[in-house]
There are 2 protein chains.
Amino acid sequence: MDTREREELARLLKALGEYNRLSMVYELCECSSPRNAMCLCECCSVDASVASRHLKVLAQEGVVQVEKKGRERTYSLNKTAIAQKLRALADQIES
Amino acid sequence: MDTREREELARLLKALGEYNRLSMVYELCECSSPRNAMCLCECCSVDASVASRHLKVLAQEGVVQVEKKGRERTYSLNKTAIAQKLRALADQIES
DNA sequence: GACATATTTGCGCAAATAAGCAAATATTTC
DNA sequence: GAAATATTTGCTTATTTGCGCAAATATGTC
């Protein structure tokens with residue numbers, strides 16, 4: 001694993017390692033359909049602008065996928081990609 | 001998963017999500033025997049005091065195990081525990 | 001006890017981060 | 001075009017975080 005990848009992984013873990021962002025991720029786990037920021041800001045009792053910024057971070061790190069739908073944007077988890085990265089780290093740690 | 005567990009998980013991810021700390025974890029991955037702070041501070045070109053603090057964070061979150069050996073303390077990865085938590089998160093995300 | 005080595009702690013500093021609010025920016029609906 | 005709704009952005013504030021250095025502490029060696 002080179003430096004670049006490690007930095008990327010660190011950013012991913014940091015993105016997930018903030019309580020409100022992690023809460024949003026869990027919320028998305030339980031939603032079968034994509035959710036918008038208004039919905040997601042409720043699960044952590046936070047201002048919509050704050051949710052918007054958190055979701056931006058999650059999107060930058062590839063945790064969530066954004067879809068533009070009219071005046072709203074819906075977010076869904078990149079389940080397989082994230083799960084794969086977490087498992088790869090688990091494997092490496094255990095090796 | 002309750003609030004307490006989620007906070008704990010967030011702290012774990014945050015602990016892993018800092019580049020120098022993650023580098024130490026990778027370094028420990030490659031060491032068959034426990035290492036002390038002097039050794040681990042080299043892998044990220046950081047002052048010994050900084051390494052000491054990083055290792056304290058990793059120990060608090062259960063990432064590493066500390067063993068007191070004379071005037072030095074040696075650190076080793078809690079491989080199975082951490083791998084298990086990462087896989088549990090991966091499973092939940094993928095569910 | 002003196003000295004060397006490993007670790008921790010106190011301090012200060014700069015940068016990053018999270019939050020709320022208000023204003024700006026879409027975009028839909030009437 | 002006006003009103004309503006969803007999101008983003010600018011601004012400010014408070015807190016946290018990472019770092020280095022120097023001093024303190026602990027422990028082994030002579």
# chains A, B, ... in the order shown; residues from 1 in each chain; ligands from 1
>>> calpha_fit_rmsd(fixed="chain A", moving="chain B")
0.0 Å
>>> interface_residues(of="chain A", to="chain C", cutoff="8 Å", atoms="only C-alpha atoms (C1' of nucleotides)", output="list in words")
Asp47, Val50, Gly70 and Arg71 of chain A
>>> write_last_selection(atoms="C-alpha atoms", output="short mmCIF file (atom, residue, chain, number, x, y, z; two decimals), in the first residue's frame")
data_model
loop_
_atom_site.label_atom_id
_atom_site.label_comp_id
_atom_site.auth_asym_id
_atom_site.auth_seq_id
_atom_site.Cartn_x
_atom_site.Cartn_y
_atom_site.Cartn_z
CA ASP A 47 -29.10 22.12 11.19
CA VAL A 50 -24.55 21.18 8.86
CA GLY A 70 -35.43 18.25 -8.88
CA ARG A 71 -34.82 20.66 -6.08
#
>>> interface_residues(of="chain B", to="chain D", cutoff="12 Å", atoms="only C-alpha atoms (C1' of nucleotides)", output="PyMOL selection string")
chain B and resi 14-15+18-21+45-51+53-54+68-73
>>> interface_residues(of="chain A", to="chain B", cutoff="8 Å", atoms="only C-alpha atoms", output="number ranges by chain")
A: 6-7, 9-19, 22-23, 25-26, 29, 77, 79-80, 82-84, 86-87, 89-95
>>> write_last_selection(atoms="C-alpha atoms", output="PDB file, in the first residue's frame")
ATOM      1  CA  ARG A   6      -2.994   5.290   2.891  1.00  0.00           C
ATOM      2  CA  GLU A   7      -3.915   8.952   2.923  1.00  0.00           C
ATOM      3  CA  LEU A   9      -7.956   5.384   3.636  1.00  0.00           C
ATOM      4  CA  ALA A  10      -7.190   7.713   6.535  1.00  0.00           C
ATOM      5  CA  ARG A  11      -9.589  10.272   5.102  1.00  0.00           C
ATOM      6  CA  LEU A  12     -12.274   7.635   4.693  1.00  0.00           C
ATOM      7  CA  LEU A  13     -11.903   6.494   8.291  1.00  0.00           C
ATOM      8  CA  LYS A  14     -11.923  10.069   9.487  1.00  0.00           C
ATOM      9  CA  ALA A  15     -15.075  10.758   7.519  1.00  0.00           C
ATOM     10  CA  LEU A  16     -16.763   7.795   9.178  1.00  0.00           C
ATOM     11  CA  GLY A  17     -15.270   8.601  12.561  1.00  0.00           C
ATOM     12  CA  GLU A  18     -17.414  11.590  13.358  1.00  0.00           C
ATOM     13  CA  TYR A  19     -20.468  10.773  15.410  1.00  0.00           C
ATOM     14  CA  LEU A  22     -21.665   7.890  11.370  1.00  0.00           C
ATOM     15  CA  SER A  23     -25.253   8.324  12.504  1.00  0.00           C
ATOM     16  CA  VAL A  25     -24.515   6.323   7.612  1.00  0.00           C
ATOM     17  CA  TYR A  26     -26.451   4.094   9.990  1.00  0.00           C
ATOM     18  CA  CYS A  29     -28.268   1.579   6.248  1.00  0.00           C
ATOM     19  CA  LEU A  77     -24.703   4.366   0.551  1.00  0.00           C
ATOM     20  CA  LYS A  79     -22.392  -0.209   0.272  1.00  0.00           C
ATOM     21  CA  THR A  80     -20.085  -2.597  -1.524  1.00  0.00           C
ATOM     22  CA  ILE A  82     -17.084   0.877   1.605  1.00  0.00           C
ATOM     23  CA  ALA A  83     -17.598  -2.619   2.952  1.00  0.00           C
ATOM     24  CA  GLN A  84     -14.805  -3.836   0.722  1.00  0.00           C
ATOM     25  CA  LEU A  86     -13.180  -1.899   5.585  1.00  0.00           C
ATOM     26  CA  ARG A  87     -12.705  -5.614   5.058  1.00  0.00           C
ATOM     27  CA  LEU A  89      -8.170  -3.128   6.257  1.00  0.00           C
ATOM     28  CA  ALA A  90      -9.436  -5.825   8.605  1.00  0.00           C
ATOM     29  CA  ASP A  91      -7.604  -8.449   6.570  1.00  0.00           C
ATOM     30  CA  GLN A  92      -4.393  -6.500   6.591  1.00  0.00           C
ATOM     31  CA  ILE A  93      -4.543  -5.905  10.325  1.00  0.00           C
ATOM     32  CA  GLU A  94      -5.165  -9.540  10.954  1.00  0.00           C
ATOM     33  CA  SER A  95      -2.467 -10.776   8.628  1.00  0.00           C
TER      34      SER A  95
END
>>> atom_distance(atom1="CA of Glu42 in chain B", atom2="CA of Glu67 in chain B")
19.6 Å
>>> select_by_dssp(residues="chain B", states="strand (DSSP E)", output="list in words")
Arg35, Asn36, Val64, Gln65, Val66, Glu67, Lys68, Lys69, Glu72, Arg73, Thr74, Tyr75, Ser76 and Leu77 of chain B
>>> atom_distance(atom1="CA of Ala37 in chain B", atom2="CA of Val66 in chain B")
10.5 Å
>>> residues_around(residues="Ser76 in chain B", least_positions_apart="5", cutoff="6 Å", atoms="only C-alpha atoms (C1' of nucleotides)", output="PyMOL selection string")
chain B and resi 34+64-65
>>> atom_distance(atom1="CA of Cys39 in chain A", atom2="CA of Leu55 in chain A")
11.9 Å
